[in-house]
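Data first, discussion second: the structure below is written as structure tokens.
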Amino acid sequence: MLTVLLILWGIAISIQLIFVLFVFVRTAFYRQPDQPADDSGPGVTLVVCARNELHNLTELLPLLDGQVYPAFDVLVMDDRSTDGTQHFLENEISHLSRVRFIRIDKDYDHVTPKKYAVTIALKKALHPVVLLTDADCRPAGTDWLAGMVGALNKPGTDIVLGFSPYEYQPGLLNWLIRIETLFTAVQYVSLALAGRPYMGVGRNLMYRRQLFFDNRGFYSHMSVLGGDDDLFINEVATSRNTAVSLDPDTFTWSKPKESWADWRMQKRRHLHVGKHYKPGHKLRLGLLTGSHVLMWWLGLTVGLTLLAVWQVGRPFTDVDRLLLEVVGGLFVLRLVAFWGIVGRISYRLAHTVHWVMMPLMDVTLAVYYIVMGLNTYINRRRKIYWR
């Protein structure tokens with residue numbers, strides 16, 4: 001029994017080491033290419049889809065209107081808002097010369113509301129490139145747009161994956177939000193740099209309009225709630241047409257959920273979408289998540305088994321002793337590598353999680369994956385909403 005446990009534990013640790021040392025390390029030591037200022041860059045339409053986001057729009061729109069870039073406009077998609085957003089857009093944004101809006105008054109059975117709003121925005125965009133963000137996001141500065149366009153300048157690039165950290169707040173919920181956001185970014189950025197892009201986040205995502213229409217937009221998943229960012233990127237992103245931006249000036253800071261109910265609903269939407277990824281992407285993510293969980297839970301099981309063997313006084317076999325030394329060494333190497341490499345990535349990604357907290361983050365993620373997986377399975381029949 002102990003021999004089998006040690007072998008399985010070693011396999012899980014080995015899979016983890018492959019990801020950490022050969023995939024995540026790409027983000028840790030990625031050097032963002034210098035992008036000189038270029039006034040001849042493509043025109044860009046900034047797209048914000050909003051429903052009952054009046055407070056956020058009053059803060060966000062001046063920041064978008066003030067971006068330093070020669071050719072852009074801001075398009076707000078007001079999706080059936082009832083909080084005064086329409087009055088605000090019609091009467092109080094005349095001083096924002098680059099901002100315009102479209103009002104959506106109804107939803108449709110054949111497509112989810114968010115995807116309908118994005119599709120209309122893409123059709124009405126004035127420029128060949130779109131940069132999407134959410135109403136509760138704030139660009140790091142006035143160079144956000146120019147920096148994202150800079151990453152698009154590489155020949156053949158159609159997509160730029162940005163990063164959107166959450167603001168720090170005290171409390172356990174905020175801690176979970178930040179570690180999950182960091183590790184999600186570690187995965188999608190690292191796999192993109194490894195030539196296997198599989199998702200982006202709509203809080204900070206740029207692509208060419210023609211790419212959207214050449215691939216029929218959201219046609220293959222119109223009725224799936226969510227996926228206006230990651231499912232679309234999952235379908236169209238390749239190793240050749242996708243770039244990432246890790247420049248802090250191109251980050252968009254997001255306001256985190258403040259209630260457990262809102263956060264659980266958000267996570268259910270994300271996990272619901274993941275089952276529609278391409279098989280190869282689901283396999284890689286399954287190996288990563290499964291090995292992470294098994295590494296810790298098999299490690300605990302091995303520890304309890306060793307304690308039981310010691311208490312009954314049964315001697316270890318030479319094979320078990322050798323396996324324990326080898327696998328134990330691999331486990332320590334995995335812990336140190338994760339701490340160092342993911343800690344460095346966190347430092348690059350707006351210090352999302354302090355490097356001292358990496359071991360606790362490591363364990364917490366293993367528990368988080370199990371709890372969220374069970375929660376999603378138990379509540380799989382409950383309806384999911386955009387807002």
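FYI, nothing fancy with the structure tokens labels: chains A, B, ... in order, residues from 1 per chain, ligands from 1 as they appear.
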
For region 124-126 of chain A, work out the shell of residues within 7 Å, counting only C-alpha atoms and skipping chain neighbours fewer than 3 positions away, then give it as an mmCIF file with C-alpha atoms, in the first residue's frame.
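Result written to around.cif:
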data_model
loop_
_atom_site.group_PDB
_atom_site.id
_atom_site.type_symbol
_atom_site.label_atom_id
_atom_site.label_comp_id
_atom_site.auth_asym_id
_atom_site.auth_seq_id
_atom_site.Cartn_x
_atom_site.Cartn_y
_atom_site.Cartn_z
ATOM 1 C CA THR A 45 -12.268 51.367 -30.008
ATOM 2 C CA ILE A 120 -23.141 44.951 -31.478
ATOM 3 C CA ALA A 121 -20.122 46.845 -30.161
#

Note to self: Give me the residues near Arg284 (chain A) as a list of chain:residue names, where near means some atom within 12 Å (using only C-alpha atoms) and where sequence neighbours in that chain fewer than 6 positions away do not count.
What the structure shows: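 Result of the neighbour search: A:Ile15, A:Gln16, A:Ile18, A:Phe19, A:Val23, A:Gln187, A:Tyr188, A:Leu191, A:Arg196, A:Pro197, A:Tyr198, A:Tyr277, A:Lys278, A:Gly290, A:Ser291.
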
Mind writing the picked residues with N, CA and C atoms as a PDB file, in the first residue's frame?
ATOM      1  N   ILE A  15       4.456  15.854 -12.425  1.00  0.00           N
ATOM      2  CA  ILE A  15       3.638  16.671 -13.323  1.00  0.00           C
ATOM      3  C   ILE A  15       3.698  18.127 -12.900  1.00  0.00           C
ATOM      4  N   GLN A  16       3.625  18.353 -11.601  1.00  0.00           N
ATOM      5  CA  GLN A  16       3.721  19.725 -11.103  1.00  0.00           C
ATOM      6  C   GLN A  16       5.069  20.361 -11.449  1.00  0.00           C
ATOM      7  N   ILE A  18       6.995  19.713 -13.948  1.00  0.00           N
ATOM      8  CA  ILE A  18       7.049  20.016 -15.382  1.00  0.00           C
ATOM      9  C   ILE A  18       6.394  21.369 -15.652  1.00  0.00           C
ATOM     10  N   PHE A  19       5.225  21.597 -15.054  1.00  0.00           N
ATOM     11  CA  PHE A  19       4.545  22.878 -15.255  1.00  0.00           C
ATOM     12  C   PHE A  19       5.344  24.042 -14.663  1.00  0.00           C
ATOM     13  N   VAL A  23       7.005  25.622 -17.804  1.00  0.00           N
ATOM     14  CA  VAL A  23       5.928  26.473 -18.318  1.00  0.00           C
ATOM     15  C   VAL A  23       5.863  27.788 -17.548  1.00  0.00           C
ATOM     16  N   GLN A 187      -1.278  30.771 -15.249  1.00  0.00           N
ATOM     17  CA  GLN A 187      -1.583  29.706 -16.207  1.00  0.00           C
ATOM     18  C   GLN A 187      -1.792  30.238 -17.615  1.00  0.00           C
ATOM     19  N   TYR A 188      -2.675  31.230 -17.793  1.00  0.00           N
ATOM     20  CA  TYR A 188      -2.986  31.626 -19.171  1.00  0.00           C
ATOM     21  C   TYR A 188      -1.856  32.408 -19.817  1.00  0.00           C
ATOM     22  N   LEU A 191       1.071  29.596 -20.488  1.00  0.00           N
ATOM     23  CA  LEU A 191       0.742  28.711 -21.600  1.00  0.00           C
ATOM     24  C   LEU A 191       0.726  29.472 -22.925  1.00  0.00           C
ATOM     25  N   ARG A 196       0.711  27.811 -26.309  1.00  0.00           N
ATOM     26  CA  ARG A 196      -0.568  27.128 -26.117  1.00  0.00           C
ATOM     27  C   ARG A 196      -1.586  28.070 -25.476  1.00  0.00           C
ATOM     28  N   PRO A 197      -1.889  29.211 -26.107  1.00  0.00           N
ATOM     29  CA  PRO A 197      -2.863  30.141 -25.508  1.00  0.00           C
ATOM     30  C   PRO A 197      -4.242  29.501 -25.440  1.00  0.00           C
ATOM     31  N   TYR A 198      -4.954  29.738 -24.355  1.00  0.00           N
ATOM     32  CA  TYR A 198      -6.260  29.100 -24.223  1.00  0.00           C
ATOM     33  C   TYR A 198      -7.338  30.034 -23.684  1.00  0.00           C
ATOM     34  N   TYR A 277     -14.036  24.308 -23.326  1.00  0.00           N
ATOM     35  CA  TYR A 277     -12.719  24.500 -23.934  1.00  0.00           C
ATOM     36  C   TYR A 277     -12.398  23.346 -24.888  1.00  0.00           C
ATOM     37  N   LYS A 278     -11.409  23.576 -25.727  1.00  0.00           N
ATOM     38  CA  LYS A 278     -10.936  22.512 -26.611  1.00  0.00           C
ATOM     39  C   LYS A 278     -10.389  21.355 -25.784  1.00  0.00           C
ATOM     40  N   GLY A 290      -5.442  18.683 -11.280  1.00  0.00           N
ATOM     41  CA  GLY A 290      -5.491  17.385 -10.617  1.00  0.00           C
ATOM     42  C   GLY A 290      -4.211  17.036  -9.901  1.00  0.00           C
ATOM     43  N   SER A 291      -3.074  17.308 -10.539  1.00  0.00           N
ATOM     44  CA  SER A 291      -1.797  16.986  -9.895  1.00  0.00           C
ATOM     45  C   SER A 291      -1.544  17.888  -8.691  1.00  0.00           C
TER      46      SER A 291
END

Can you pull out every residue from region 201-319 of chain A that DSSP, working from the backbone, puts in helix (DSSP H, G or I), and format the result as a compact mmCIF listing (two decimals) with N, CA, C and O atoms, in the first residue's frame?
# COMPACT_ATOMS: atom_id res chain seq x y z
N ARG A 209 -10.84 43.44 -34.93
CA ARG A 209 -12.24 43.17 -35.27
C ARG A 209 -12.36 42.11 -36.35
O ARG A 209 -13.26 41.26 -36.31
N GLN A 210 -11.46 42.14 -37.33
CA GLN A 210 -11.56 41.20 -38.44
C GLN A 210 -11.44 39.76 -37.97
O GLN A 210 -12.07 38.86 -38.51
N LEU A 211 -10.62 39.54 -36.93
CA LEU A 211 -10.48 38.20 -36.36
C LEU A 211 -11.83 37.72 -35.83
O LEU A 211 -12.19 36.55 -36.00
N PHE A 212 -12.55 38.62 -35.21
CA PHE A 212 -13.87 38.28 -34.66
C PHE A 212 -14.82 37.85 -35.77
O PHE A 212 -15.46 36.79 -35.68
N PHE A 213 -14.91 38.64 -36.82
CA PHE A 213 -15.87 38.35 -37.88
C PHE A 213 -15.42 37.20 -38.77
O PHE A 213 -16.25 36.43 -39.28
N ASP A 214 -14.12 37.03 -38.95
CA ASP A 214 -13.62 35.90 -39.74
C ASP A 214 -13.95 34.57 -39.08
O ASP A 214 -14.04 33.54 -39.76
N TYR A 219 -20.61 32.53 -32.50
CA TYR A 219 -21.64 31.66 -33.07
C TYR A 219 -21.68 30.28 -32.41
O TYR A 219 -22.76 29.76 -32.13
N SER A 220 -20.54 29.69 -32.16
CA SER A 220 -20.50 28.31 -31.66
C SER A 220 -20.88 28.18 -30.19
O SER A 220 -21.11 27.08 -29.70
N HIS A 221 -20.95 29.30 -29.48
CA HIS A 221 -21.30 29.23 -28.06
C HIS A 221 -22.18 30.41 -27.65
O HIS A 221 -22.07 30.93 -26.54
N ASP A 230 -13.03 34.29 -22.69
CA ASP A 230 -12.17 33.10 -22.73
C ASP A 230 -12.59 32.07 -23.78
O ASP A 230 -11.74 31.46 -24.42
N LEU A 231 -13.90 31.86 -24.00
CA LEU A 231 -14.28 30.89 -25.03
C LEU A 231 -13.91 31.39 -26.42
O LEU A 231 -13.49 30.61 -27.27
N PHE A 232 -14.07 32.67 -26.66
CA PHE A 232 -13.69 33.22 -27.96
C PHE A 232 -12.19 33.06 -28.18
O PHE A 232 -11.74 32.58 -29.22
N ILE A 233 -11.40 33.43 -27.18
CA ILE A 233 -9.94 33.30 -27.30
C ILE A 233 -9.56 31.83 -27.41
O ILE A 233 -8.64 31.47 -28.17
N ASN A 234 -10.25 30.96 -26.69
CA ASN A 234 -9.96 29.53 -26.77
C ASN A 234 -10.11 29.01 -28.19
O ASN A 234 -9.38 28.11 -28.62
N GLU A 235 -11.05 29.58 -28.94
CA GLU A 235 -11.29 29.13 -30.31
C GLU A 235 -10.28 29.70 -31.30
O GLU A 235 -9.86 29.01 -32.23
N VAL A 236 -9.89 30.97 -31.14
CA VAL A 236 -9.17 31.66 -32.22
C VAL A 236 -7.69 31.89 -31.93
O VAL A 236 -6.93 32.20 -32.85
N PRO A 248 3.45 46.88 -16.29
CA PRO A 248 2.50 47.37 -15.28
C PRO A 248 1.64 48.53 -15.76
O PRO A 248 0.52 48.71 -15.27
N ASP A 249 2.14 49.31 -16.72
CA ASP A 249 1.35 50.42 -17.24
C ASP A 249 0.13 49.94 -18.03
O ASP A 249 -0.78 50.74 -18.29
N THR A 250 0.13 48.67 -18.42
CA THR A 250 -0.99 48.14 -19.20
C THR A 250 -1.96 47.31 -18.35
O THR A 250 -2.85 46.66 -18.90
N TRP A 260 -19.62 36.93 -0.33
CA TRP A 260 -19.33 35.55 -0.72
C TRP A 260 -20.31 35.07 -1.79
O TRP A 260 -19.93 34.33 -2.71
N ALA A 261 -21.57 35.50 -1.71
CA ALA A 261 -22.57 35.06 -2.69
C ALA A 261 -22.22 35.56 -4.09
O ALA A 261 -22.29 34.80 -5.07
N ASP A 262 -21.84 36.84 -4.19
CA ASP A 262 -21.48 37.40 -5.50
C ASP A 262 -20.25 36.70 -6.07
O ASP A 262 -20.17 36.43 -7.27
N TRP A 263 -19.29 36.42 -5.20
CA TRP A 263 -18.05 35.78 -5.67
C TRP A 263 -18.32 34.35 -6.13
O TRP A 263 -17.82 33.91 -7.16
N ARG A 264 -19.15 33.61 -5.38
CA ARG A 264 -19.48 32.24 -5.78
C ARG A 264 -20.19 32.21 -7.12
O ARG A 264 -19.93 31.34 -7.96
N MET A 265 -21.09 33.17 -7.34
CA MET A 265 -21.78 33.23 -8.63
C MET A 265 -20.79 33.50 -9.75
O MET A 265 -20.86 32.89 -10.83
N GLN A 266 -19.84 34.40 -9.54
CA GLN A 266 -18.82 34.70 -10.54
C GLN A 266 -17.98 33.47 -10.85
O GLN A 266 -17.71 33.15 -12.01
N LYS A 267 -17.58 32.75 -9.81
CA LYS A 267 -16.77 31.55 -10.02
C LYS A 267 -17.57 30.44 -10.73
O LYS A 267 -17.02 29.70 -11.55
N ARG A 268 -18.84 30.34 -10.42
CA ARG A 268 -19.67 29.33 -11.10
C ARG A 268 -19.74 29.62 -12.59
O ARG A 268 -19.68 28.70 -13.42
N ARG A 269 -19.85 30.90 -12.96
CA ARG A 269 -19.87 31.24 -14.38
C ARG A 269 -18.57 30.83 -15.04
O ARG A 269 -18.56 30.26 -16.13
N HIS A 270 -17.45 31.12 -14.39
CA HIS A 270 -16.15 30.80 -14.97
C HIS A 270 -15.97 29.29 -15.13
O HIS A 270 -15.50 28.81 -16.17
N LEU A 271 -16.32 28.54 -14.09
CA LEU A 271 -16.15 27.09 -14.16
C LEU A 271 -17.11 26.45 -15.14
O LEU A 271 -16.78 25.46 -15.80
N HIS A 272 -18.30 27.03 -15.27
CA HIS A 272 -19.28 26.52 -16.23
C HIS A 272 -18.75 26.65 -17.66
O HIS A 272 -18.96 25.77 -18.50
N VAL A 273 -18.04 27.73 -17.93
CA VAL A 273 -17.52 27.97 -19.27
C VAL A 273 -16.37 27.01 -19.59
O VAL A 273 -16.22 26.56 -20.73
N GLY A 274 -15.57 26.66 -18.60
CA GLY A 274 -14.38 25.86 -18.83
C GLY A 274 -14.64 24.53 -19.49
O GLY A 274 -13.79 24.01 -20.23
N PRO A 279 -10.50 20.11 -26.29
CA PRO A 279 -10.05 18.95 -25.51
C PRO A 279 -8.59 19.05 -25.03
O PRO A 279 -8.30 18.69 -23.89
N GLY A 280 -7.71 19.51 -25.89
CA GLY A 280 -6.30 19.62 -25.48
C GLY A 280 -6.11 20.58 -24.33
O GLY A 280 -5.30 20.34 -23.42
N HIS A 281 -6.84 21.69 -24.35
CA HIS A 281 -6.74 22.66 -23.27
C HIS A 281 -7.30 22.08 -21.97
O HIS A 281 -6.73 22.27 -20.89
N LYS A 282 -8.44 21.39 -22.08
CA LYS A 282 -9.01 20.78 -20.88
C LYS A 282 -8.08 19.73 -20.29
O LYS A 282 -7.98 19.60 -19.07
N LEU A 283 -7.38 18.99 -21.15
CA LEU A 283 -6.45 17.97 -20.67
C LEU A 283 -5.30 18.61 -19.91
O LEU A 283 -4.96 18.16 -18.80
N ARG A 284 -4.71 19.66 -20.48
CA ARG A 284 -3.59 20.32 -19.81
C ARG A 284 -4.02 20.93 -18.47
O ARG A 284 -3.32 20.77 -17.46
N LEU A 285 -5.16 21.60 -18.48
CA LEU A 285 -5.63 22.22 -17.24
C LEU A 285 -6.03 21.16 -16.22
O LEU A 285 -5.83 21.35 -15.01
N GLY A 286 -6.59 20.06 -16.71
CA GLY A 286 -6.95 18.97 -15.81
C GLY A 286 -5.72 18.35 -15.16
O GLY A 286 -5.73 18.03 -13.96
N LEU A 287 -4.66 18.16 -15.94
CA LEU A 287 -3.42 17.63 -15.38
C LEU A 287 -2.83 18.58 -14.34
O LEU A 287 -2.36 18.15 -13.28
N LEU A 288 -2.87 19.88 -14.65
CA LEU A 288 -2.32 20.87 -13.73
C LEU A 288 -3.10 20.90 -12.43
O LEU A 288 -2.52 20.80 -11.33
N THR A 289 -4.41 21.02 -12.53
CA THR A 289 -5.24 21.11 -11.32
C THR A 289 -5.26 19.80 -10.56
O THR A 289 -5.11 19.77 -9.33
N GLY A 290 -5.44 18.68 -11.28
CA GLY A 290 -5.49 17.39 -10.62
C GLY A 290 -4.21 17.04 -9.90
O GLY A 290 -4.23 16.53 -8.77
N SER A 291 -3.07 17.31 -10.54
CA SER A 291 -1.80 16.99 -9.90
C SER A 291 -1.54 17.89 -8.69
O SER A 291 -0.93 17.45 -7.70
N HIS A 292 -2.03 19.13 -8.77
CA HIS A 292 -1.87 20.04 -7.63
C HIS A 292 -2.63 19.51 -6.41
O HIS A 292 -2.10 19.45 -5.30
N VAL A 293 -3.88 19.12 -6.65
CA VAL A 293 -4.69 18.59 -5.56
C VAL A 293 -4.10 17.28 -5.03
O VAL A 293 -3.93 17.09 -3.81
N LEU A 294 -3.76 16.36 -5.94
CA LEU A 294 -3.25 15.06 -5.51
C LEU A 294 -1.92 15.17 -4.80
O LEU A 294 -1.64 14.40 -3.87
N MET A 295 -1.08 16.12 -5.23
CA MET A 295 0.22 16.26 -4.59
C MET A 295 0.06 16.51 -3.09
O MET A 295 0.76 15.91 -2.26
N TRP A 296 -0.88 17.39 -2.73
CA TRP A 296 -1.07 17.70 -1.31
C TRP A 296 -1.85 16.62 -0.58
O TRP A 296 -1.48 16.23 0.54
N TRP A 297 -2.92 16.11 -1.18
CA TRP A 297 -3.72 15.13 -0.48
C TRP A 297 -3.04 13.76 -0.40
O TRP A 297 -3.16 13.06 0.61
N LEU A 298 -2.30 13.38 -1.43
CA LEU A 298 -1.51 12.15 -1.33
C LEU A 298 -0.37 12.32 -0.35
O LEU A 298 0.00 11.38 0.37
N GLY A 299 0.19 13.54 -0.32
CA GLY A 299 1.25 13.80 0.67
C GLY A 299 0.74 13.63 2.08
O GLY A 299 1.41 13.04 2.94
N LEU A 300 -0.48 14.13 2.34
CA LEU A 300 -1.08 13.96 3.66
C LEU A 300 -1.35 12.49 3.95
O LEU A 300 -1.08 11.99 5.06
N THR A 301 -1.84 11.77 2.94
CA THR A 301 -2.12 10.35 3.12
C THR A 301 -0.85 9.56 3.39
O THR A 301 -0.82 8.66 4.25
N VAL A 302 0.24 9.88 2.65
CA VAL A 302 1.52 9.22 2.87
C VAL A 302 2.01 9.49 4.29
O VAL A 302 2.50 8.59 4.99
N GLY A 303 1.87 10.72 4.74
CA GLY A 303 2.30 11.06 6.09
C GLY A 303 1.55 10.27 7.15
O GLY A 303 2.16 9.74 8.10
N LEU A 304 0.23 10.16 6.99
CA LEU A 304 -0.56 9.41 7.96
C LEU A 304 -0.23 7.92 7.90
O LEU A 304 -0.20 7.24 8.94
N THR A 305 0.03 7.41 6.69
CA THR A 305 0.41 6.00 6.54
C THR A 305 1.74 5.72 7.21
O THR A 305 1.91 4.69 7.90
N LEU A 306 2.70 6.61 7.03
CA LEU A 306 4.00 6.45 7.67
C LEU A 306 3.86 6.46 9.19
O LEU A 306 4.52 5.67 9.89
N LEU A 307 2.99 7.32 9.68
CA LEU A 307 2.78 7.38 11.13
C LEU A 307 2.17 6.08 11.63
O LEU A 307 2.59 5.55 12.68
N ALA A 308 1.22 5.53 10.88
CA ALA A 308 0.60 4.27 11.28
C ALA A 308 1.61 3.13 11.26
O ALA A 308 1.64 2.28 12.18
N VAL A 309 2.46 3.08 10.23
CA VAL A 309 3.48 2.04 10.12
C VAL A 309 4.46 2.15 11.29
O VAL A 309 4.87 1.14 11.89
N TRP A 310 4.82 3.36 11.62
CA TRP A 310 5.78 3.57 12.72
C TRP A 310 5.17 3.13 14.05
O TRP A 310 5.85 2.54 14.90
N GLN A 311 3.88 3.40 14.26
CA GLN A 311 3.24 3.07 15.52
C GLN A 311 3.14 1.56 15.73
O GLN A 311 3.24 1.07 16.86
N VAL A 312 2.92 0.81 14.64
CA VAL A 312 2.82 -0.65 14.79
C VAL A 312 4.18 -1.30 14.78
O VAL A 312 4.30 -2.52 14.98
N ASP A 318 13.37 -1.87 1.72
CA ASP A 318 14.39 -1.03 1.05
C ASP A 318 13.76 -0.23 -0.09
O ASP A 318 14.14 0.93 -0.32
N VAL A 319 12.81 -0.84 -0.77
CA VAL A 319 12.14 -0.14 -1.87
C VAL A 319 11.37 1.07 -1.35
O VAL A 319 11.44 2.18 -1.90

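Considering the residues A:Tyr116, A:Tyr69, A:Trp339, A:Tyr166 and counting only C-alpha atoms, Ala146 (chain A) has its shortest atom-to-atom contact with A:Tyr69.
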
Next item on the list: Extract, using only C-alpha atoms, all DNA, RNA and protein residues at most 10 Å from Phe338 (chain A), discarding same-chain residues fewer than 3 positions from it, and format them as a ChimeraX atom specification.
Entry: /A:16-17,19-21,24-25,332-335,341-344,358-359,362

Check: To one decimal place, how far is CA of Pro170 (chain A) from CA of Asp247 (chain A) in Å?
Finding: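 Going from CA of Pro170 (chain A) over to CA of Asp247 (chain A), I get 26.2 Å.
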
Notebook entry, point to check: CA of Gly43 (chain A) and CA of Ala71 (chain A) are how many Å apart?
Noted result: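 According to the coordinates, CA of Gly43 (chain A) and CA of Ala71 (chain A) are separated by 4.8 Å.
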
Notebook entry, point to check: Closest to Val44 (chain A) among A:Tyr369, A:Tyr207, A:Phe29, A:Phe163, using only C-alpha atoms?
Noted result: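 Closest to Val44 (chain A), using only C-alpha atoms: A:Tyr207.
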
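Here the DSSP assignment of strand (DSSP E or B), based on backbone atoms, applies within region 9-93 of chain A to Val44, Thr45, Leu46, Val47, Val48, Cys49, Ala50, Phe72, Asp73, Val74, Leu75, Val76, Met77, Asp78 and Asp79 of chain A.
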
Margin query: Just the number, please: distance in Å from CA of Val356 (chain A) to CA of Val201 (chain A), one decimal.
Written below: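 Interatomic distance here is 26.9 Å.
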